[in-house]
2 protein chains.
Amino acid sequence: MDAKTLCLGVLSRGAASGYEIKKAFEEGPFSHFHQASFGSIYPALNALSADGLVAVRAQAQQKRPAKKIYSLTPKGRNALLAALMATPGPDAVRSDLLFILSFAQHLPPARVGQLINARIAWYREMLARMEGCDYTAPNAPGADFVRGMGIAVYRAAADYLERHRDELLAQIGGDGLEVAE
Amino acid sequence: MDAKTLCLGVLSRGAASGYEIKKAFEEGPFSHFHQASFGSIYPALNALSADGLVAVRAQAQQKRPAKKIYSLTPKGRNALLAALMATPGPDAVRSDLLFILSFAQHLPPARVGQLINARIAWYREMLARMEGCDYTAPNAPGADFVRGMGIAVYRAAADYLERHRDELLAQIGGDGLEVAE
DNA sequence: CTTGATATATTACGAGCCGATATATATAAA
DNA sequence: TTTATATATATCGGCTCGTAATATATCAAG
């Protein structure tokens with residue numbers, strides 16, 4: 001899924017500036033399964049604008065750069081729907097933590113414990129945020145479904161780390177005590 | 001984690017050619033949380049070789065391009081350990097499927113059902129492979145831990161899809177019957 | 001009261017990675 | 001016989017990421 005389609009997806013939920021689209025990928029409903037940086041968002045918006053898939057409305061602001069509000073055109077909405085009908089490829093996960101933990105027996109047990117504890121805390125924080133506020137729009141069962149999937153997967157990951165941390169530490173020589181902060 | 005470190009990690013489990021390293025990322029113990037293509041592996045191996053982190057041994061073959069077997073040098077092993085001590089960033093997930101399913105209410109229910117069924121089947125297949133063959137080396141508790149985590153997360157994902165598929169289909173107007181293949 | 005951090009807002013650039021393609025050949029299946 | 005699959009390496013364009021540059025406002029800390 002390229003940056004252009006991702007931007008169309010965000011804009012389908014309402015008009016937004018490039019900056020707001022970036023925030024949507026950091027905090028919004030797509031944040032746990034897609035990312036996009038300024039370096040891909042702004043060129044994508046320019047291309048979409050040139051192709052007539054989005055409309056731009058410059059909104060002057062006091063003492064700040066003019067905000068460019070992008071909104072979906074009918075043509076853009078059709079392009080999004082067409083992209084949604086394409087067959088999705090397999091998911092891709094990139095986890096430096098799991099790569100590092102693959103070599104746990106070569107690392108100080110205290111450090112392994114710290115890494116796992118930190119990640120458990122991160123998962124719990126994300127879960128609290130995702131379960132607490134409901135940022136999905138009304139009449140969006142798809143978004144609710146995906147949000148539930150994110151929660152289920154994060155919970156499974158946190159639970160696994162909690163249940164098997166001490167076992168791993170025992171195997172690599174840690175006594176499970178020194179990891180306490 | 002850049003391509004060079006990834007290659008060092010694979011080579012720490014034994015000497016291999018570029019082609020075999022690619023296969024390790026498709027089928028081996030890293031496959032479910034890291035990817036690498038030829039376009040990143042071969043330049044990485046050249047750079048590692050130039051820096052003395054890996055040694056190359058050309059192995060002629062009958063009627064095939066000569067295979068270049070790369071192996072870790074002591075300097076390379078130190079570089080890997082140093083990289084493992086760096087603080088890992090957050091995990092990144094890219095899922096075109098979840099992006100598409102976010103807009104499920106705009107798609108034909110039959111197609112949504114097909115997409116979910118196909119992904120459940122994919123997860124079950126991966127789980128069977130991961131649970132069946134034990135491709136981790138002996139005395140590698142780190143690899144076992146990571147493998148268990150992959151299994152736990154995949155199982156949670158497959159279970160969620162199975163348990164909530166019909167609910168989603170009902171919400172978007174599908175009757176849950178037409179999706180049967 | 002001044003410094004620093006955080007937030008809004010866009011653009012540009014270098015580094016790096018992915019996917020596809022080119023090149024060669026062997027084997028097995030259709 | 002043709003096609004697909006597997007082995008094996010190299011390269012190239014295009015896309016994306018992370019960072020920095022630019023500009024300003026607000027808020028908190030010292």
# chains A, B, ... in the order shown; residues from 1 in each chain; ligands from 1

$ select_by_dssp --residues "chain A" --states "strand (DSSP E or B)" --output "PyMOL selection string"
chain A and resi 16+54-61+64-72+92-94

$ interface_residues --of "chain D" --to "chain B" --cutoff "10 Å" --atoms "only C-alpha atoms (C1' of nucleotides)" --output "ChimeraX atom specification"
/D:7-12

$ select_by_dssp --residues "segment 74-174 of chain B" --states "helix (DSSP H, G or I)" --output "mmCIF file with C-alpha atoms, in the first residue's frame"
data_model
loop_
_atom_site.group_PDB
_atom_site.id
_atom_site.type_symbol
_atom_site.label_atom_id
_atom_site.label_comp_id
_atom_site.auth_asym_id
_atom_site.auth_seq_id
_atom_site.Cartn_x
_atom_site.Cartn_y
_atom_site.Cartn_z
ATOM 1 C CA PRO B 74 36.087 -12.300 15.061
ATOM 2 C CA LYS B 75 35.788 -8.603 14.195
ATOM 3 C CA GLY B 76 32.377 -9.280 12.680
ATOM 4 C CA ARG B 77 31.232 -11.167 15.761
ATOM 5 C CA ASN B 78 32.201 -8.202 17.922
ATOM 6 C CA ALA B 79 30.322 -5.849 15.615
ATOM 7 C CA LEU B 80 27.207 -8.014 15.928
ATOM 8 C CA LEU B 81 27.431 -8.053 19.739
ATOM 9 C CA ALA B 82 27.850 -4.272 19.762
ATOM 10 C CA ALA B 83 24.771 -3.860 17.562
ATOM 11 C CA LEU B 84 22.784 -6.137 19.879
ATOM 12 C CA ASP B 96 -2.435 -3.912 3.834
ATOM 13 C CA LEU B 97 -5.147 -6.340 4.924
ATOM 14 C CA LEU B 98 -5.984 -4.371 8.072
ATOM 15 C CA PHE B 99 -5.958 -1.142 6.083
ATOM 16 C CA ILE B 100 -8.457 -2.631 3.645
ATOM 17 C CA LEU B 101 -10.601 -4.104 6.430
ATOM 18 C CA ALA B 104 -15.030 -3.014 5.289
ATOM 19 C CA GLN B 105 -18.370 -1.199 5.174
ATOM 20 C CA HIS B 106 -17.476 0.106 1.703
ATOM 21 C CA PRO B 109 -19.328 -8.533 2.175
ATOM 22 C CA ALA B 110 -18.404 -11.637 0.168
ATOM 23 C CA ARG B 111 -14.994 -10.185 -0.538
ATOM 24 C CA VAL B 112 -14.441 -9.258 3.106
ATOM 25 C CA GLY B 113 -15.279 -12.824 4.070
ATOM 26 C CA GLN B 114 -12.866 -14.214 1.491
ATOM 27 C CA LEU B 115 -10.030 -11.964 2.642
ATOM 28 C CA ILE B 116 -10.499 -12.980 6.280
ATOM 29 C CA ASN B 117 -10.804 -16.684 5.473
ATOM 30 C CA ALA B 118 -7.662 -16.573 3.362
ATOM 31 C CA ARG B 119 -5.715 -14.886 6.147
ATOM 32 C CA ILE B 120 -6.931 -17.379 8.759
ATOM 33 C CA ALA B 121 -5.738 -20.195 6.501
ATOM 34 C CA TRP B 122 -2.371 -18.478 6.070
ATOM 35 C CA TYR B 123 -1.946 -18.082 9.840
ATOM 36 C CA ARG B 124 -2.901 -21.722 10.475
ATOM 37 C CA GLU B 125 -0.383 -22.854 7.869
ATOM 38 C CA MET B 126 2.383 -20.751 9.378
ATOM 39 C CA LEU B 127 1.502 -22.045 12.848
ATOM 40 C CA ALA B 128 1.669 -25.651 11.704
ATOM 41 C CA ARG B 129 5.092 -25.010 10.179
ATOM 42 C CA MET B 130 6.415 -23.167 13.214
ATOM 43 C CA GLU B 131 5.079 -25.677 15.715
ATOM 44 C CA GLY B 132 6.070 -28.701 13.678
ATOM 45 C CA PRO B 141 17.045 -20.242 24.403
ATOM 46 C CA GLY B 142 16.751 -16.796 22.817
ATOM 47 C CA ALA B 143 15.623 -18.251 19.497
ATOM 48 C CA ASP B 144 13.175 -20.565 21.280
ATOM 49 C CA PHE B 145 11.715 -17.632 23.205
ATOM 50 C CA VAL B 146 11.241 -15.596 20.041
ATOM 51 C CA ARG B 147 9.732 -18.546 18.206
ATOM 52 C CA GLY B 148 7.231 -19.020 21.026
ATOM 53 C CA MET B 149 6.328 -15.356 20.848
ATOM 54 C CA GLY B 150 5.688 -15.613 17.117
ATOM 55 C CA ILE B 151 3.424 -18.609 17.674
ATOM 56 C CA ALA B 152 1.509 -16.877 20.468
ATOM 57 C CA VAL B 153 0.904 -13.752 18.384
ATOM 58 C CA TYR B 154 -0.077 -15.623 15.208
ATOM 59 C CA ARG B 155 -2.483 -17.791 17.192
ATOM 60 C CA ALA B 156 -4.099 -14.732 18.773
ATOM 61 C CA ALA B 157 -4.493 -13.140 15.348
ATOM 62 C CA ALA B 158 -6.037 -16.243 13.782
ATOM 63 C CA ASP B 159 -8.362 -16.758 16.754
ATOM 64 C CA TYR B 160 -9.537 -13.143 16.631
ATOM 65 C CA LEU B 161 -10.302 -13.339 12.922
ATOM 66 C CA GLU B 162 -12.248 -16.572 13.415
ATOM 67 C CA ARG B 163 -14.228 -15.337 16.405
ATOM 68 C CA HIS B 164 -15.200 -11.946 14.968
ATOM 69 C CA ARG B 165 -15.567 -12.636 11.264
ATOM 70 C CA ASP B 166 -19.296 -13.376 11.332
ATOM 71 C CA GLU B 167 -19.982 -10.397 13.570
ATOM 72 C CA LEU B 168 -18.302 -8.076 11.084
ATOM 73 C CA LEU B 169 -20.105 -9.625 8.129
ATOM 74 C CA ALA B 170 -23.430 -9.200 9.883
ATOM 75 C CA GLN B 171 -22.662 -5.535 10.561
#

$ closest_atom_pairs --of "chain C" --to "chain A" --cutoff "10 Å" --atoms "only C-alpha atoms (C1' of nucleotides)" --output "CSV"
residue,atom,partner,partner_atom,distance
C:DT8,C1',A:Arg64,CA,7.8
C:DA9,C1',A:Pro65,CA,5.8
C:DT10,C1',A:Pro65,CA,7.5
C:DT11,C1',A:Tyr42,CA,8.4
C:DA12,C1',A:Gly39,CA,8.9
C:DC13,C1',A:Gly39,CA,9.7

$ write_last_selection --atoms "C-alpha atoms (C1' of nucleotides)" --output "PDB file, in the first residue's frame"
ATOM      1  C1'  DT C   8       2.050  23.774  14.408  1.00  0.00           C
ATOM      2  C1'  DA C   9       3.318  23.592   9.343  1.00  0.00           C
ATOM      3  C1'  DT C  10       5.927  22.697   5.023  1.00  0.00           C
ATOM      4  C1'  DT C  11       9.928  21.479   2.163  1.00  0.00           C
ATOM      5  C1'  DA C  12      14.288  19.349   0.793  1.00  0.00           C
ATOM      6  C1'  DC C  13      17.850  15.928   0.790  1.00  0.00           C
TER       7       DC C  13
END

$ atom_distance --atom1 "atom CA of Thr73 of chain A" --atom2 "atom CA of Gly14 of chain A"
11.4 Å

$ residues_around --residues "DG13 of chain D" --least-positions-apart "4" --cutoff "12 Å" --atoms "only C-alpha atoms (C1' of nucleotides)" --output "PyMOL selection string"
(chain B and resi 39) or (chain C and resi 18-21)

$ residues_around --residues "segment 55-57 of chain B" --least-positions-apart "3" --cutoff "6 Å" --atoms "only C-alpha atoms (C1' of nucleotides)" --output "PyMOL selection string"
chain B and resi 68-71

$ residues_around --residues "Ala24 of chain B" --least-positions-apart "5" --cutoff "12 Å" --atoms "only C-alpha atoms (C1' of nucleotides)" --output "PyMOL selection string"
chain B and resi 6-7+9-11+13-19+29-37+41+135-136

$ decode --residues "chain D" --atoms "N, CA and C atoms (P, O5', C5', C4', C3', O3' and C1' of nucleotides)" --output "PDB file, in the first residue's frame"
ATOM      1  P    DT D   1      12.047 -30.900 -29.108  1.00  0.00           P
ATOM      2  O5'  DT D   1      10.718 -30.347 -28.431  1.00  0.00           O
ATOM      3  C5'  DT D   1       9.450 -30.325 -28.984  1.00  0.00           C
ATOM      4  C4'  DT D   1       8.645 -29.477 -28.022  1.00  0.00           C
ATOM      5  C3'  DT D   1       9.374 -28.226 -27.550  1.00  0.00           C
ATOM      6  O3'  DT D   1       8.433 -27.176 -27.526  1.00  0.00           O
ATOM      7  C1'  DT D   1       8.729 -29.498 -25.669  1.00  0.00           C
ATOM      8  P    DT D   2       8.967 -25.684 -27.786  1.00  0.00           P
ATOM      9  O5'  DT D   2       8.085 -24.943 -26.693  1.00  0.00           O
ATOM     10  C5'  DT D   2       6.795 -25.474 -26.380  1.00  0.00           C
ATOM     11  C4'  DT D   2       6.592 -25.472 -24.874  1.00  0.00           C
ATOM     12  C3'  DT D   2       7.087 -24.207 -24.159  1.00  0.00           C
ATOM     13  O3'  DT D   2       5.967 -23.594 -23.560  1.00  0.00           O
ATOM     14  C1'  DT D   2       7.654 -26.153 -22.942  1.00  0.00           C
ATOM     15  P    DT D   3       5.935 -22.081 -23.149  1.00  0.00           P
ATOM     16  O5'  DT D   3       5.657 -22.214 -21.593  1.00  0.00           O
ATOM     17  C5'  DT D   3       4.814 -23.280 -21.107  1.00  0.00           C
ATOM     18  C4'  DT D   3       5.215 -23.627 -19.691  1.00  0.00           C
ATOM     19  C3'  DT D   3       5.694 -22.424 -18.862  1.00  0.00           C
ATOM     20  O3'  DT D   3       4.728 -22.142 -17.872  1.00  0.00           O
ATOM     21  C1'  DT D   3       7.054 -24.375 -18.520  1.00  0.00           C
ATOM     22  P    DA D   4       4.847 -20.940 -16.864  1.00  0.00           P
ATOM     23  O5'  DA D   4       5.394 -21.647 -15.545  1.00  0.00           O
ATOM     24  C5'  DA D   4       4.832 -22.890 -15.142  1.00  0.00           C
ATOM     25  C4'  DA D   4       5.705 -23.541 -14.082  1.00  0.00           C
ATOM     26  C3'  DA D   4       6.224 -22.579 -13.007  1.00  0.00           C
ATOM     27  O3'  DA D   4       5.929 -23.138 -11.737  1.00  0.00           O
ATOM     28  C1'  DA D   4       8.016 -23.838 -13.918  1.00  0.00           C
ATOM     29  P    DT D   5       6.126 -22.267 -10.407  1.00  0.00           P
ATOM     30  O5'  DT D   5       7.468 -22.883  -9.787  1.00  0.00           O
ATOM     31  C5'  DT D   5       7.583 -24.301  -9.647  1.00  0.00           C
ATOM     32  C4'  DT D   5       9.015 -24.658  -9.311  1.00  0.00           C
ATOM     33  C3'  DT D   5       9.678 -23.720  -8.286  1.00  0.00           C
ATOM     34  O3'  DT D   5      10.193 -24.503  -7.218  1.00  0.00           O
ATOM     35  C1'  DT D   5      11.105 -24.081 -10.143  1.00  0.00           C
ATOM     36  P    DA D   6      10.637 -23.810  -5.844  1.00  0.00           P
ATOM     37  O5'  DA D   6      12.221 -23.962  -5.865  1.00  0.00           O
ATOM     38  C5'  DA D   6      12.805 -25.246  -6.031  1.00  0.00           C
ATOM     39  C4'  DA D   6      14.253 -25.083  -6.452  1.00  0.00           C
ATOM     40  C3'  DA D   6      15.019 -24.022  -5.652  1.00  0.00           C
ATOM     41  O3'  DA D   6      16.027 -24.666  -4.872  1.00  0.00           O
ATOM     42  C1'  DA D   6      15.470 -23.886  -7.997  1.00  0.00           C
ATOM     43  P    DT D   7      16.897 -23.805  -3.887  1.00  0.00           P
ATOM     44  O5'  DT D   7      18.222 -23.498  -4.748  1.00  0.00           O
ATOM     45  C5'  DT D   7      19.023 -24.564  -5.211  1.00  0.00           C
ATOM     46  C4'  DT D   7      20.068 -24.033  -6.170  1.00  0.00           C
ATOM     47  C3'  DT D   7      21.034 -23.005  -5.567  1.00  0.00           C
ATOM     48  O3'  DT D   7      22.363 -23.478  -5.696  1.00  0.00           O
ATOM     49  C1'  DT D   7      20.233 -22.293  -7.679  1.00  0.00           C
ATOM     50  P    DA D   8      23.491 -22.932  -4.789  1.00  0.00           P
ATOM     51  O5'  DA D   8      23.580 -21.391  -5.216  1.00  0.00           O
ATOM     52  C5'  DA D   8      24.663 -20.956  -6.013  1.00  0.00           C
ATOM     53  C4'  DA D   8      24.473 -19.568  -6.582  1.00  0.00           C
ATOM     54  C3'  DA D   8      24.295 -18.385  -5.621  1.00  0.00           C
ATOM     55  O3'  DA D   8      25.577 -17.942  -5.204  1.00  0.00           O
ATOM     56  C1'  DA D   8      23.261 -18.077  -7.784  1.00  0.00           C
ATOM     57  P    DT D   9      25.774 -16.643  -4.291  1.00  0.00           P
ATOM     58  O5'  DT D   9      25.775 -15.432  -5.334  1.00  0.00           O
ATOM     59  C5'  DT D   9      26.793 -15.409  -6.333  1.00  0.00           C
ATOM     60  C4'  DT D   9      26.550 -14.280  -7.301  1.00  0.00           C
ATOM     61  C3'  DT D   9      26.602 -12.870  -6.688  1.00  0.00           C
ATOM     62  O3'  DT D   9      27.712 -12.189  -7.243  1.00  0.00           O
ATOM     63  C1'  DT D   9      24.775 -13.113  -8.213  1.00  0.00           C
ATOM     64  P    DA D  10      28.152 -10.752  -6.706  1.00  0.00           P
ATOM     65  O5'  DA D  10      27.368  -9.771  -7.666  1.00  0.00           O
ATOM     66  C5'  DA D  10      27.535  -9.891  -9.067  1.00  0.00           C
ATOM     67  C4'  DA D  10      26.636  -8.893  -9.772  1.00  0.00           C
ATOM     68  C3'  DA D  10      26.624  -7.491  -9.147  1.00  0.00           C
ATOM     69  O3'  DA D  10      27.078  -6.565 -10.119  1.00  0.00           O
ATOM     70  C1'  DA D  10      24.413  -8.254  -9.601  1.00  0.00           C
ATOM     71  P    DT D  11      27.324  -5.043  -9.713  1.00  0.00           P
ATOM     72  O5'  DT D  11      26.038  -4.336 -10.328  1.00  0.00           O
ATOM     73  C5'  DT D  11      25.560  -4.776 -11.603  1.00  0.00           C
ATOM     74  C4'  DT D  11      24.235  -4.105 -11.919  1.00  0.00           C
ATOM     75  C3'  DT D  11      24.115  -2.661 -11.388  1.00  0.00           C
ATOM     76  O3'  DT D  11      23.557  -1.877 -12.433  1.00  0.00           O
ATOM     77  C1'  DT D  11      22.258  -3.918 -10.707  1.00  0.00           C
ATOM     78  P    DC D  12      23.904  -0.306 -12.533  1.00  0.00           P
ATOM     79  O5'  DC D  12      22.504   0.324 -12.967  1.00  0.00           O
ATOM     80  C5'  DC D  12      21.540  -0.476 -13.679  1.00  0.00           C
ATOM     81  C4'  DC D  12      20.142  -0.081 -13.243  1.00  0.00           C
ATOM     82  C3'  DC D  12      20.054   1.329 -12.657  1.00  0.00           C
ATOM     83  O3'  DC D  12      19.159   2.118 -13.426  1.00  0.00           O
ATOM     84  C1'  DC D  12      18.935  -0.264 -11.271  1.00  0.00           C
ATOM     85  P    DG D  13      19.036   3.692 -13.157  1.00  0.00           P
ATOM     86  O5'  DG D  13      17.467   3.805 -12.873  1.00  0.00           O
ATOM     87  C5'  DG D  13      16.555   3.037 -13.657  1.00  0.00           C
ATOM     88  C4'  DG D  13      15.203   2.955 -12.969  1.00  0.00           C
ATOM     89  C3'  DG D  13      14.658   4.296 -12.470  1.00  0.00           C
ATOM     90  O3'  DG D  13      13.254   4.331 -12.702  1.00  0.00           O
ATOM     91  C1'  DG D  13      14.938   2.810 -10.633  1.00  0.00           C
ATOM     92  P    DG D  14      12.431   5.656 -12.441  1.00  0.00           P
ATOM     93  O5'  DG D  14      11.644   5.323 -11.089  1.00  0.00           O
ATOM     94  C5'  DG D  14      10.934   4.089 -10.982  1.00  0.00           C
ATOM     95  C4'  DG D  14      10.530   3.860  -9.534  1.00  0.00           C
ATOM     96  C3'  DG D  14       9.922   5.087  -8.844  1.00  0.00           C
ATOM     97  O3'  DG D  14       8.770   4.696  -8.148  1.00  0.00           O
ATOM     98  C1'  DG D  14      11.696   4.215  -7.545  1.00  0.00           C
ATOM     99  P    DC D  15       7.717   5.782  -7.676  1.00  0.00           P
ATOM    100  O5'  DC D  15       7.610   5.412  -6.142  1.00  0.00           O
ATOM    101  C5'  DC D  15       7.628   4.040  -5.748  1.00  0.00           C
ATOM    102  C4'  DC D  15       8.154   3.928  -4.345  1.00  0.00           C
ATOM    103  C3'  DC D  15       7.615   4.983  -3.371  1.00  0.00           C
ATOM    104  O3'  DC D  15       6.910   4.297  -2.349  1.00  0.00           O
ATOM    105  C1'  DC D  15       9.978   4.737  -3.163  1.00  0.00           C
ATOM    106  P    DT D  16       6.010   5.094  -1.293  1.00  0.00           P
ATOM    107  O5'  DT D  16       6.935   5.084   0.001  1.00  0.00           O
ATOM    108  C5'  DT D  16       7.603   3.884   0.378  1.00  0.00           C
ATOM    109  C4'  DT D  16       8.625   4.182   1.458  1.00  0.00           C
ATOM    110  C3'  DT D  16       8.186   5.236   2.486  1.00  0.00           C
ATOM    111  O3'  DT D  16       8.188   4.631   3.769  1.00  0.00           O
ATOM    112  C1'  DT D  16      10.408   5.629   1.718  1.00  0.00           C
ATOM    113  P    DC D  17       7.771   5.448   5.052  1.00  0.00           P
ATOM    114  O5'  DC D  17       9.177   5.662   5.774  1.00  0.00           O
ATOM    115  C5'  DC D  17      10.128   4.587   5.805  1.00  0.00           C
ATOM    116  C4'  DC D  17      11.421   5.079   6.431  1.00  0.00           C
ATOM    117  C3'  DC D  17      11.213   5.979   7.640  1.00  0.00           C
ATOM    118  O3'  DC D  17      11.988   5.498   8.738  1.00  0.00           O
ATOM    119  C1'  DC D  17      12.594   7.062   5.997  1.00  0.00           C
ATOM    120  P    DG D  18      11.729   6.103  10.193  1.00  0.00           P
ATOM    121  O5'  DG D  18      12.936   7.124  10.395  1.00  0.00           O
ATOM    122  C5'  DG D  18      14.265   6.698  10.095  1.00  0.00           C
ATOM    123  C4'  DG D  18      15.190   7.895  10.051  1.00  0.00           C
ATOM    124  C3'  DG D  18      14.981   8.906  11.183  1.00  0.00           C
ATOM    125  O3'  DG D  18      16.241   9.188  11.774  1.00  0.00           O
ATOM    126  C1'  DG D  18      14.882  10.003   9.066  1.00  0.00           C
ATOM    127  P    DT D  19      16.358  10.129  13.020  1.00  0.00           P
ATOM    128  O5'  DT D  19      16.996  11.457  12.413  1.00  0.00           O
ATOM    129  C5'  DT D  19      17.903  11.339  11.312  1.00  0.00           C
ATOM    130  C4'  DT D  19      18.147  12.702  10.695  1.00  0.00           C
ATOM    131  C3'  DT D  19      18.043  13.880  11.673  1.00  0.00           C
ATOM    132  O3'  DT D  19      19.285  14.562  11.695  1.00  0.00           O
ATOM    133  C1'  DT D  19      16.804  14.311   9.663  1.00  0.00           C
ATOM    134  P    DA D  20      19.501  15.794  12.714  1.00  0.00           P
ATOM    135  O5'  DA D  20      19.429  17.043  11.730  1.00  0.00           O
ATOM    136  C5'  DA D  20      20.036  16.952  10.446  1.00  0.00           C
ATOM    137  C4'  DA D  20      19.558  18.094   9.574  1.00  0.00           C
ATOM    138  C3'  DA D  20      19.470  19.449  10.288  1.00  0.00           C
ATOM    139  O3'  DA D  20      20.146  20.424   9.514  1.00  0.00           O
ATOM    140  C1'  DA D  20      17.427  18.962   9.182  1.00  0.00           C
ATOM    141  P    DA D  21      20.428  21.869  10.087  1.00  0.00           P
ATOM    142  O5'  DA D  21      19.489  22.797   9.189  1.00  0.00           O
ATOM    143  C5'  DA D  21      19.477  22.630   7.780  1.00  0.00           C
ATOM    144  C4'  DA D  21      18.365  23.464   7.179  1.00  0.00           C
ATOM    145  C3'  DA D  21      18.157  24.816   7.876  1.00  0.00           C
ATOM    146  O3'  DA D  21      18.111  25.845   6.897  1.00  0.00           O
ATOM    147  C1'  DA D  21      16.102  23.630   7.743  1.00  0.00           C
ATOM    148  P    DT D  22      18.118  27.409   7.402  1.00  0.00           P
ATOM    149  O5'  DT D  22      16.560  27.778   7.456  1.00  0.00           O
ATOM    150  C5'  DT D  22      15.735  27.602   6.300  1.00  0.00           C
ATOM    151  C4'  DT D  22      14.297  27.924   6.659  1.00  0.00           C
ATOM    152  C3'  DT D  22      14.132  29.116   7.609  1.00  0.00           C
ATOM    153  O3'  DT D  22      13.416  30.161   6.960  1.00  0.00           O
ATOM    154  C1'  DT D  22      12.727  27.296   8.216  1.00  0.00           C
ATOM    155  P    DA D  23      13.545  31.684   7.553  1.00  0.00           P
ATOM    156  O5'  DA D  23      12.291  31.844   8.520  1.00  0.00           O
ATOM    157  C5'  DA D  23      11.120  31.263   8.163  1.00  0.00           C
ATOM    158  C4'  DA D  23      10.025  31.319   9.200  1.00  0.00           C
ATOM    159  C3'  DA D  23      10.240  32.172  10.450  1.00  0.00           C
ATOM    160  O3'  DA D  23       9.216  33.150  10.496  1.00  0.00           O
ATOM    161  C1'  DA D  23       9.386  30.022  10.998  1.00  0.00           C
ATOM    162  P    DT D  24       9.224  34.271  11.688  1.00  0.00           P
ATOM    163  O5'  DT D  24       8.195  33.650  12.762  1.00  0.00           O
ATOM    164  C5'  DT D  24       6.853  33.407  12.380  1.00  0.00           C
ATOM    165  C4'  DT D  24       6.134  32.648  13.473  1.00  0.00           C
ATOM    166  C3'  DT D  24       6.156  33.317  14.859  1.00  0.00           C
ATOM    167  O3'  DT D  24       4.830  33.401  15.331  1.00  0.00           O
ATOM    168  C1'  DT D  24       6.641  31.045  15.031  1.00  0.00           C
ATOM    169  P    DA D  25       4.366  34.559  16.325  1.00  0.00           P
ATOM    170  O5'  DA D  25       3.413  33.796  17.338  1.00  0.00           O
ATOM    171  C5'  DA D  25       2.522  32.795  16.862  1.00  0.00           C
ATOM    172  C4'  DA D  25       2.282  31.794  17.981  1.00  0.00           C
ATOM    173  C3'  DA D  25       2.278  32.404  19.382  1.00  0.00           C
ATOM    174  O3'  DA D  25       1.010  32.173  19.986  1.00  0.00           O
ATOM    175  C1'  DA D  25       3.674  30.467  19.293  1.00  0.00           C
ATOM    176  P    DT D  26       0.651  32.827  21.417  1.00  0.00           P
ATOM    177  O5'  DT D  26       0.803  31.561  22.372  1.00  0.00           O
ATOM    178  C5'  DT D  26       0.293  30.293  21.955  1.00  0.00           C
ATOM    179  C4'  DT D  26       0.822  29.203  22.876  1.00  0.00           C
ATOM    180  C3'  DT D  26       0.788  29.568  24.372  1.00  0.00           C
ATOM    181  O3'  DT D  26       0.182  28.496  25.074  1.00  0.00           O
ATOM    182  C1'  DT D  26       2.915  28.753  23.769  1.00  0.00           C
ATOM    183  P    DC D  27      -0.543  28.760  26.487  1.00  0.00           P
ATOM    184  O5'  DC D  27       0.220  27.735  27.443  1.00  0.00           O
ATOM    185  C5'  DC D  27       0.624  26.462  26.928  1.00  0.00           C
ATOM    186  C4'  DC D  27       1.848  25.968  27.669  1.00  0.00           C
ATOM    187  C3'  DC D  27       1.905  26.359  29.158  1.00  0.00           C
ATOM    188  O3'  DC D  27       2.057  25.189  29.938  1.00  0.00           O
ATOM    189  C1'  DC D  27       3.972  26.798  28.086  1.00  0.00           C
ATOM    190  P    DA D  28       1.794  25.170  31.474  1.00  0.00           P
ATOM    191  O5'  DA D  28       3.170  24.557  32.016  1.00  0.00           O
ATOM    192  C5'  DA D  28       3.758  23.471  31.313  1.00  0.00           C
ATOM    193  C4'  DA D  28       5.250  23.411  31.604  1.00  0.00           C
ATOM    194  C3'  DA D  28       5.607  23.600  33.074  1.00  0.00           C
ATOM    195  O3'  DA D  28       6.509  22.566  33.471  1.00  0.00           O
ATOM    196  C1'  DA D  28       6.841  25.122  31.739  1.00  0.00           C
ATOM    197  P    DA D  29       6.872  22.303  34.981  1.00  0.00           P
ATOM    198  O5'  DA D  29       8.429  22.606  35.002  1.00  0.00           O
ATOM    199  C5'  DA D  29       9.249  22.123  33.938  1.00  0.00           C
ATOM    200  C4'  DA D  29      10.591  22.831  33.947  1.00  0.00           C
ATOM    201  C3'  DA D  29      11.187  23.017  35.344  1.00  0.00           C
ATOM    202  O3'  DA D  29      12.558  22.642  35.309  1.00  0.00           O
ATOM    203  C1'  DA D  29      11.057  25.117  34.237  1.00  0.00           C
ATOM    204  P    DG D  30      13.367  22.371  36.663  1.00  0.00           P
ATOM    205  O5'  DG D  30      14.443  23.546  36.677  1.00  0.00           O
ATOM    206  C5'  DG D  30      15.263  23.776  35.535  1.00  0.00           C
ATOM    207  C4'  DG D  30      15.802  25.204  35.575  1.00  0.00           C
ATOM    208  C3'  DG D  30      16.425  25.620  36.916  1.00  0.00           C
ATOM    209  O3'  DG D  30      17.755  26.071  36.705  1.00  0.00           O
ATOM    210  C1'  DG D  30      14.904  27.266  36.149  1.00  0.00           C
TER     211       DG D  30
END
